[in-house]
file upload_6.cif (mmCIF, C-alpha atoms (C1' of nucleotides))
data_data
#
loop_
_atom_site.label_atom_id
_atom_site.label_comp_id
_atom_site.auth_asym_id
_atom_site.auth_seq_id
_atom_site.Cartn_x
_atom_site.Cartn_y
_atom_site.Cartn_z
CA MET A 1 102.53 78.49 104.34
CA ILE A 2 99.32 76.95 103.31
CA VAL A 3 96.77 74.25 103.95
CA SER A 4 96.58 71.79 101.08
CA ALA A 5 93.53 71.23 98.92
CA LYS A 6 93.26 67.84 100.56
CA GLY A 7 92.91 69.43 103.97
CA ARG A 8 90.39 71.96 102.78
CA TYR A 9 88.37 69.27 101.03
CA ALA A 10 88.43 67.09 104.12
CA LEU A 11 87.13 69.89 106.27
CA ARG A 12 84.34 70.72 103.84
CA VAL A 13 83.24 67.12 103.52
CA MET A 14 83.15 66.70 107.27
CA ILE A 15 81.04 69.83 107.56
CA ALA A 16 78.72 68.50 104.87
CA LEU A 17 78.34 65.24 106.77
CA ALA A 18 77.71 67.12 109.99
CA ALA A 19 75.10 69.28 108.28
CA ARG A 20 73.12 66.19 107.28
CA GLY A 21 73.07 65.09 110.86
CA GLY A 22 71.58 61.74 109.84
CA SER A 23 72.32 58.16 110.68
CA GLU A 24 72.03 57.08 107.05
CA PRO A 25 75.39 56.64 105.35
CA VAL A 26 76.03 59.29 102.72
CA PRO A 27 77.54 57.94 99.50
CA LEU A 28 80.76 59.48 98.30
CA LYS A 29 79.11 60.25 95.00
CA GLU A 30 76.76 62.71 96.64
CA LEU A 31 79.48 64.35 98.71
CA SER A 32 81.66 64.65 95.67
CA ALA A 33 78.89 66.28 93.62
CA GLU A 34 77.70 68.53 96.39
CA GLU A 35 81.12 69.84 97.30
CA GLU A 36 82.55 69.69 93.79
CA ILE A 37 85.48 67.56 94.78
CA PRO A 38 86.90 65.04 92.28
CA HIS A 39 85.39 61.67 93.07
CA LYS A 40 88.54 59.61 93.10
CA PHE A 41 90.48 62.16 95.04
CA LEU A 42 87.78 62.34 97.66
CA GLU A 43 87.87 58.57 97.88
CA GLN A 44 91.46 58.75 99.07
CA ILE A 45 90.60 61.41 101.56
CA MET A 46 87.70 59.44 103.00
CA THR A 47 89.94 56.44 103.39
CA GLU A 48 92.31 58.47 105.51
CA LEU A 49 89.52 59.93 107.59
CA ALA A 50 88.13 56.44 108.12
CA LYS A 51 91.50 55.04 109.16
CA ALA A 52 91.82 57.86 111.64
CA GLY A 53 88.40 56.95 113.02
CA LEU A 54 86.69 60.23 112.22
CA VAL A 55 84.18 58.60 109.89
CA GLU A 56 82.97 55.07 109.42
CA SER A 57 82.12 53.51 106.13
CA ALA A 58 79.32 51.18 105.01
CA ARG A 59 80.18 49.11 101.97
CA GLY A 60 77.92 47.84 99.24
CA LYS A 61 74.68 49.23 97.95
CA ASN A 62 73.21 52.03 100.05
CA GLY A 63 76.62 52.37 101.57
CA GLY A 64 78.50 55.54 102.30
CA TYR A 65 80.09 57.45 105.13
CA LEU A 66 78.99 58.62 108.53
CA LEU A 67 80.56 60.67 111.29
CA THR A 68 81.65 58.61 114.26
CA ARG A 69 81.35 61.47 116.72
CA SER A 70 78.87 64.21 117.30
CA PRO A 71 79.75 67.47 115.51
CA GLU A 72 80.38 69.08 118.88
CA GLU A 73 83.17 66.61 119.55
CA CYS A 74 85.12 66.89 116.33
CA THR A 75 87.39 69.85 115.74
CA ALA A 76 89.17 71.33 112.75
CA ALA A 77 92.43 70.35 114.44
CA ASP A 78 91.31 66.69 114.57
CA ILE A 79 90.59 66.71 110.86
CA LEU A 80 93.62 68.64 109.66
CA ARG A 81 95.95 66.52 111.73
CA VAL A 82 94.85 63.60 109.57
CA THR A 83 95.13 65.13 106.14
CA GLU A 84 98.03 67.53 106.47
CA SER A 85 101.24 65.58 106.40
CA THR A 86 102.38 68.01 109.00
CA LEU A 87 100.48 70.66 110.83
CA ALA A 88 103.76 72.10 112.03
CA ALA A 89 104.55 75.61 110.86
CA ALA A 90 108.18 74.66 110.37
CA GLU A 91 109.39 71.13 110.09
CA CYS A 92 112.09 71.94 112.60
CA ALA A 93 109.45 72.18 115.27
CA GLY A 94 109.04 68.46 115.48
CA GLY A 95 112.66 67.88 114.89
CA GLY A 96 115.07 65.87 116.89
CA ASP A 97 116.97 65.39 113.65
CA CYS A 98 118.13 68.95 113.08
CA PRO A 99 121.71 69.38 114.27
CA ARG A 100 121.03 73.02 115.07
CA SER A 101 118.15 72.33 117.38
CA LYS A 102 120.24 72.79 120.52
CA THR A 103 121.15 76.39 119.79
CA CYS A 104 118.77 77.47 117.05
CA PRO A 105 117.35 80.90 117.89
CA THR A 106 114.21 80.29 115.87
CA LEU A 107 113.16 76.91 117.23
CA PRO A 108 111.32 78.23 120.29
CA MET A 109 109.33 80.53 118.06
CA TRP A 110 108.31 77.73 115.70
CA ARG A 111 107.29 75.58 118.64
CA ALA A 112 105.23 78.37 120.11
CA LEU A 113 103.60 79.05 116.76
CA ASP A 114 102.61 75.41 116.48
CA GLU A 115 100.91 75.61 119.80
CA VAL A 116 99.10 78.81 118.91
CA MET A 117 97.82 77.27 115.69
CA ASP A 118 96.78 74.03 117.31
CA ASP A 119 94.96 75.84 120.09
CA PHE A 120 93.18 77.94 117.52
CA LEU A 121 92.07 75.01 115.38
CA LYS A 122 90.89 73.08 118.41
CA LYS A 123 88.37 75.80 119.13
CA TYR A 124 86.43 75.16 115.93
CA THR A 125 84.09 72.17 116.11
CA LEU A 126 82.06 70.85 113.20
CA ALA A 127 78.99 72.14 114.98
CA ASP A 128 80.47 75.64 114.97
CA LEU A 129 81.38 75.39 111.33
CA VAL A 130 77.98 74.11 110.22
CA SER A 131 76.36 77.09 111.86
CA GLN A 132 78.57 79.38 109.76
CA ARG A 133 76.94 78.22 106.55
CA ALA A 134 74.92 80.80 104.69
CA MET B 1 101.39 73.42 106.60
CA ILE B 2 104.94 74.46 106.72
CA VAL B 3 107.37 77.30 106.34
CA SER B 4 109.75 76.76 103.43
CA ALA B 5 113.50 76.38 103.73
CA LYS B 6 113.76 79.74 102.06
CA GLY B 7 111.78 81.36 104.83
CA ARG B 8 113.74 79.63 107.54
CA TYR B 9 117.03 80.57 105.91
CA ALA B 10 115.93 84.17 105.55
CA LEU B 11 115.04 84.40 109.20
CA ARG B 12 118.34 82.88 110.29
CA VAL B 13 120.37 85.17 108.08
CA MET B 14 118.56 88.22 109.37
CA ILE B 15 119.23 87.10 112.92
CA ALA B 16 122.89 86.59 112.06
CA LEU B 17 123.06 90.10 110.64
CA ALA B 18 121.34 91.49 113.71
CA ALA B 19 123.75 89.64 115.97
CA ARG B 20 126.71 91.34 114.33
CA GLY B 21 125.14 94.67 115.02
CA GLY B 22 127.78 96.42 112.93
CA SER B 23 127.70 99.04 110.25
CA GLU B 24 130.17 97.10 108.08
CA PRO B 25 128.54 95.19 105.26
CA VAL B 26 128.72 91.43 105.80
CA PRO B 27 129.60 89.48 102.66
CA LEU B 28 127.25 86.75 101.59
CA LYS B 29 130.12 84.31 101.68
CA GLU B 30 130.44 84.65 105.42
CA LEU B 31 126.73 84.41 106.04
CA SER B 32 126.51 81.36 103.84
CA ALA B 33 129.38 79.62 105.66
CA GLU B 34 128.22 80.61 109.12
CA GLU B 35 124.64 79.53 108.64
CA GLU B 36 125.41 76.63 106.31
CA ILE B 37 123.12 77.86 103.59
CA PRO B 38 124.03 77.17 99.93
CA HIS B 39 125.76 80.25 98.59
CA LYS B 40 123.80 80.64 95.39
CA PHE B 41 120.51 79.97 97.05
CA LEU B 42 121.20 82.55 99.70
CA GLU B 43 122.07 85.01 96.95
CA GLN B 44 118.52 84.76 95.67
CA ILE B 45 117.12 85.19 99.12
CA MET B 46 119.20 88.27 99.82
CA THR B 47 118.04 89.80 96.56
CA GLU B 48 114.45 89.42 97.68
CA LEU B 49 115.16 90.85 101.10
CA ALA B 50 116.96 93.78 99.49
CA LYS B 51 114.10 94.45 97.09
CA ALA B 52 111.74 94.45 100.03
CA GLY B 53 113.96 96.99 101.75
CA LEU B 54 114.87 94.87 104.76
CA VAL B 55 118.56 94.85 103.92
CA GLU B 56 120.74 97.01 101.76
CA SER B 57 123.63 95.79 99.72
CA ALA B 58 127.07 97.19 99.03
CA ARG B 59 128.61 95.99 95.80
CA GLY B 60 132.23 95.40 94.94
CA LYS B 61 135.12 94.54 97.15
CA ASN B 62 134.39 94.75 100.88
CA GLY B 63 130.76 94.71 99.91
CA GLY B 64 127.99 92.73 101.53
CA TYR B 65 124.68 93.21 103.28
CA LEU B 66 123.41 95.30 106.13
CA LEU B 67 120.13 95.63 107.96
CA THR B 68 118.24 98.77 107.08
CA ARG B 69 116.39 98.91 110.38
CA SER B 70 117.31 98.34 113.96
CA PRO B 71 116.67 94.77 115.16
CA GLU B 72 113.91 96.08 117.41
CA GLU B 73 112.01 97.31 114.38
CA CYS B 74 112.10 94.22 112.21
CA THR B 75 109.78 91.32 112.96
CA ALA B 76 109.55 87.70 111.87
CA ALA B 77 106.32 88.64 110.11
CA ASP B 78 108.12 91.30 108.06
CA ILE B 79 110.70 88.77 106.91
CA LEU B 80 108.39 85.85 106.22
CA ARG B 81 106.00 88.02 104.27
CA VAL B 82 108.85 88.54 101.82
CA THR B 83 110.03 84.99 101.36
CA GLU B 84 106.88 82.96 101.74
CA SER B 85 104.88 83.20 98.54
CA THR B 86 101.90 83.30 100.81
CA LEU B 87 101.71 83.57 104.53
CA ALA B 88 98.06 82.64 104.38
CA ALA B 89 97.08 79.40 106.06
CA ALA B 90 94.69 78.61 103.24
CA GLU B 91 94.87 80.26 99.87
CA CYS B 92 91.15 80.89 100.08
CA ALA B 93 91.79 83.44 102.78
CA GLY B 94 93.01 86.01 100.34
CA GLY B 95 90.61 84.90 97.73
CA GLY B 96 88.23 86.97 95.78
CA ASP B 97 88.55 84.33 93.08
CA CYS B 98 86.92 81.41 94.85
CA PRO B 99 83.30 81.05 93.74
CA ARG B 100 82.40 79.57 97.12
CA SER B 101 83.65 82.50 99.11
CA LYS B 102 80.18 83.95 99.63
CA THR B 103 78.85 80.94 101.50
CA CYS B 104 81.89 78.92 102.44
CA PRO B 105 81.64 77.81 106.06
CA THR B 106 85.39 77.56 106.45
CA LEU B 107 86.43 80.93 105.08
CA PRO B 108 85.93 82.89 108.30
CA MET B 109 88.06 80.37 110.13
CA TRP B 110 90.90 80.63 107.63
CA ARG B 111 90.78 84.39 107.81
CA ALA B 112 90.85 84.34 111.59
CA LEU B 113 93.75 81.89 111.56
CA ASP B 114 95.70 84.20 109.29
CA GLU B 115 95.24 86.99 111.71
CA VAL B 116 96.28 84.88 114.67
CA MET B 117 99.44 83.81 112.88
CA ASP B 118 100.29 87.28 111.71
CA ASP B 119 99.77 88.74 115.17
CA PHE B 120 101.97 86.04 116.59
CA LEU B 121 104.80 86.57 114.13
CA LYS B 122 104.67 90.32 114.59
CA LYS B 123 105.56 89.90 118.23
CA TYR B 124 109.00 88.47 117.47
CA THR B 125 111.58 91.11 116.58
CA LEU B 126 115.11 90.34 115.47
CA ALA B 127 116.27 91.72 118.80
CA ASP B 128 114.11 89.14 120.60
CA LEU B 129 115.42 86.35 118.41
CA VAL B 130 119.07 87.28 118.81
CA SER B 131 118.67 87.11 122.55
CA GLN B 132 117.38 83.53 122.20
CA ARG B 133 120.71 82.37 120.91
CA ALA B 134 122.65 79.96 123.09
"C1'" DT C 1 145.48 100.42 85.98
"C1'" DA C 2 145.18 95.78 87.19
"C1'" DT C 3 143.44 92.55 90.46
"C1'" DA C 4 140.50 90.55 93.64
"C1'" DA C 5 136.29 90.36 95.92
"C1'" DT C 6 132.02 91.08 95.85
"C1'" DT C 7 126.90 91.77 94.28
"C1'" DC C 8 123.68 91.38 90.28
"C1'" DC C 9 121.29 89.02 86.52
"C1'" DT C 10 119.35 85.28 83.89
"C1'" DA C 11 118.74 80.74 82.99
"C1'" DT C 12 118.50 75.90 83.95
"C1'" DG C 13 117.70 71.55 86.43
"C1'" DA C 14 116.69 67.88 89.91
"C1'" DA C 15 113.87 66.33 93.53
"C1'" DT C 16 109.81 66.43 95.95
"C1'" DT C 17 105.12 67.19 96.76
"C1'" DT C 18 100.51 67.87 95.38
"C1'" DA C 19 96.50 66.92 93.06
"C1'" DG C 20 94.32 64.04 90.38
"C1'" DT C 21 93.34 59.70 87.33
"C1'" DA C 22 92.54 54.66 86.27
"C1'" DG C 23 90.92 50.10 86.66
"C1'" DG C 24 89.18 46.66 88.86
"C1'" DA C 25 88.25 43.66 93.26
"C1'" DA C 26 85.31 43.09 97.26
"C1'" DT C 27 80.99 43.80 99.46
"C1'" DA C 28 76.19 44.23 100.24
"C1'" DA C 29 71.25 45.41 99.16
"C1'" DA C 30 67.32 44.57 96.45
"C1'" DT D 1 72.02 38.48 89.50
"C1'" DT D 2 72.24 43.15 89.00
"C1'" DT D 3 73.48 47.44 90.80
"C1'" DA D 4 75.61 50.59 93.77
"C1'" DT D 5 78.81 51.26 96.61
"C1'" DT D 6 83.53 51.10 99.22
"C1'" DC D 7 88.34 49.25 99.03
"C1'" DC D 8 92.94 48.61 97.07
"C1'" DT D 9 96.94 49.49 94.26
"C1'" DA D 10 99.19 51.81 90.96
"C1'" DC D 11 100.20 55.52 87.92
"C1'" DT D 12 100.79 60.39 86.14
"C1'" DA D 13 100.81 65.39 85.24
"C1'" DA D 14 101.69 69.72 87.04
"C1'" DA D 15 103.50 72.70 90.27
"C1'" DT D 16 106.64 74.02 93.68
"C1'" DT D 17 110.81 73.93 96.10
"C1'" DC D 18 115.49 73.86 96.45
"C1'" DA D 19 118.87 74.56 94.59
"C1'" DT D 20 123.10 75.05 90.68
"C1'" DA D 21 125.71 77.51 86.83
"C1'" DG D 22 128.04 81.01 84.45
"C1'" DG D 23 129.20 85.29 83.69
"C1'" DA D 24 128.45 90.64 83.83
"C1'" DA D 25 128.77 94.79 86.61
"C1'" DT D 26 130.71 97.18 90.41
"C1'" DT D 27 134.02 98.72 93.83
"C1'" DA D 28 138.22 98.89 96.97
"C1'" DT D 29 142.90 98.73 97.07
"C1'" DA D 30 147.72 97.67 95.79
#
call {"tool": "encode", "arguments": {"input": "upload_6.cif", "output": "structure tokens"}}
result
Amino acid sequence: MIVSAKGRYALRVMIALAARGGSEPVPLKELSAEEEIPHKFLEQIMTELAKAGLVESARGKNGGYLLTRSPEECTAADILRVTESTLAAAECAGGGDCPRSKTCPTLPMWRALDEVMDDFLKKYTLADLVSQRA
Amino acid sequence: MIVSAKGRYALRVMIALAARGGSEPVPLKELSAEEEIPHKFLEQIMTELAKAGLVESARGKNGGYLLTRSPEECTAADILRVTESTLAAAECAGGGDCPRSKTCPTLPMWRALDEVMDDFLKKYTLADLVSQRA
DNA sequence: TATAATTCCTATGAATTTAGTAGGAATAAA
DNA sequence: TTTATTCCTACTAAATTCATAGGAATTATA
């Protein structure tokens, strides 16, 4: 049970963007260097974050990425929901497709765990996380 | 972020054993059929559970598996700790090996999430789970 | 003692997912 | 027109997950 590198990278990049606080787009190249994330991999991640509306991009020279919301209004849950194919603890938790779902003794637990995790991750905003930096 | 099939199988098998409540060893064959888990895969899982001391095995004819503790004293956390290679939300959470760990703004969150999940899973005993069955 | 039913052990393999790479087209500033 | 950037599509290597396979060791019982 683990958060993927993609998810961890996404979170770190978003924190880095929040820490800058600026209105100037930050080029991927800088983010990649700063956070030591492979350039092309980060490119894919930024694309997903942009599609989800968490960042916006500026193309061409002097382009880059910017947060679309204030750091107080963007949570770890928002970000991880984008990059993690599923945030569910067990895939069953979503699942209408499991034939056992009607009588499965573990399903309620998985559902409850999902909620606990989601509630937890919602409590951490980018603003909170930036202030954690040493 | 997901619990593996192995972990889900393990939990279900342990619940099935708890539901029987008996002192007769239950052969893997029955568990496999009842829970629709591939026989040879379940064999591996039972071996791990046995090594961890959660079940004991009886070899030879009329052999099988038995819980070593009462269902009230065995939690979902105990079981998943055995089968999930890591229960940690992010691998960093364990990590002395990450060079960022000293200043990483996300590490405290991952650690806290681990604790939340572990506390949650500790609250579910096999006795609780058996009583959830329809 | 033979037989049948079981666990134990070791190895292998297929499918999926994850993490990363590659090359170039489109866009925009200077 | 050059340069710096994002955008798009495809590919690939490695790891992990989910099994499968075959037979050895052990034990009850007829």
call {"tool": "resolve_selection", "arguments": {"input": "upload_6.cif", "expression": "the PyMOL selection byres ((chain A and resi 68-81) around 8)", "output": "MDAnalysis selection string"}}
result
chainID A and resid 7 10:11 18 49 53:56 66:67 82:87 118 121:128
call {"tool": "closest_atom_pairs", "arguments": {"input": "upload_6.cif", "of": "chain D", "to": "chain A", "cutoff": "12 Å", "atoms": "only C-alpha atoms (C1' of nucleotides)", "output": "CSV"}}
result
residue,atom,partner,partner_atom,distance
D:DT2,C1',A:Lys61,CA,11.1
D:DT3,C1',A:Lys61,CA,7.5
D:DA4,C1',A:Lys61,CA,4.5
D:DT5,C1',A:Gly60,CA,4.4
D:DT6,C1',A:Arg59,CA,4.8
D:DC7,C1',A:Thr47,CA,8.6
D:DC8,C1',A:Gln44,CA,10.4
D:DT9,C1',A:Gln44,CA,11.8
call {"tool": "interface_residues", "arguments": {"input": "upload_6.cif", "of": "chain A", "to": "chain B", "cutoff": "10 Å", "atoms": "only C-alpha atoms", "output": "ChimeraX atom specification"}}
result
/A:1-5,7-8,11-12,15-16,35,76,80,84-93,100,102-110,112-114,116-117,120-121,124,126,128-134
call {"tool": "resolve_selection", "arguments": {"input": "upload_6.cif", "expression": "the PyMOL selection byres ((chain C) within 7 of (chain A))", "output": "JSON, numbers by chain"}}
result
{"C": [20, 27, 28, 29]}
call {"tool": "axis_aligned_box", "arguments": {"input": "upload_6.cif", "around": "segment 11-15 of chain C", "padding_each_side": "3 Å", "output": "lines of an AutoDock Vina configuration file"}}
result
center_x = 116.3
center_y = 73.5
center_z = 88.3
size_x = 10.9
size_y = 20.4
size_z = 16.5
call {"tool": "atom_distance", "arguments": {"input": "upload_6.cif", "atom1": "atom C1' of DT17 of chain D", "atom2": "atom CA of Ile37 of chain A"}}
result
26.2 Å
call {"tool": "resolve_selection", "arguments": {"input": "upload_6.cif", "expression": "the PyMOL selection byres ((chain C and resi 10) around 12)", "output": "ChimeraX atom specification"}}
result
/B:44 /C:8-9,11-12 /D:21-24
call {"tool": "residues_near_point", "arguments": {"input": "upload_6.cif", "point": "(95.9, 58.5, 88.0)", "cutoff": "10 Å", "atoms": "only C-alpha atoms (C1' of nucleotides)", "output": "JSON list (two decimals) with C-alpha atoms (C1' of nucleotides), in the coordinates of the input"}}
result
[["chain", "number", "residue", "atom", "x", "y", "z"],
["A", 40, "LYS", "CA", 88.54, 59.61, 93.10],
["A", 41, "PHE", "CA", 90.48, 62.16, 95.04],
["C", 19, "DA", "C1'", 96.50, 66.92, 93.06],
["C", 20, "DG", "C1'", 94.32, 64.04, 90.38],
["C", 21, "DT", "C1'", 93.34, 59.70, 87.33],
["C", 22, "DA", "C1'", 92.54, 54.66, 86.27],
["C", 23, "DG", "C1'", 90.92, 50.10, 86.66],
["D", 10, "DA", "C1'", 99.19, 51.81, 90.96],
["D", 11, "DC", "C1'", 100.20, 55.52, 87.92],
["D", 12, "DT", "C1'", 100.79, 60.39, 86.14],
["D", 13, "DA", "C1'", 100.81, 65.39, 85.24]]
call {"tool": "atom_distance", "arguments": {"input": "upload_6.cif", "atom1": "atom CA of Met46 of chain B", "atom2": "atom C1' of DA19 of chain D"}}
result
14.7 Å
call {"tool": "residues_around", "arguments": {"input": "upload_6.cif", "residues": "DT16 of chain C", "least_positions_apart": "2", "cutoff": "12 Å", "atoms": "only C-alpha atoms (C1' of nucleotides)", "output": "VMD selection string"}}
result
(chain C and resid 14 18) or (chain D and resid 15 to 18)
call {"tool": "atom_distance", "arguments": {"input": "upload_6.cif", "atom1": "atom CA of Leu31 of chain B", "atom2": "atom CA of Val13 of chain B"}}
result
6.7 Å
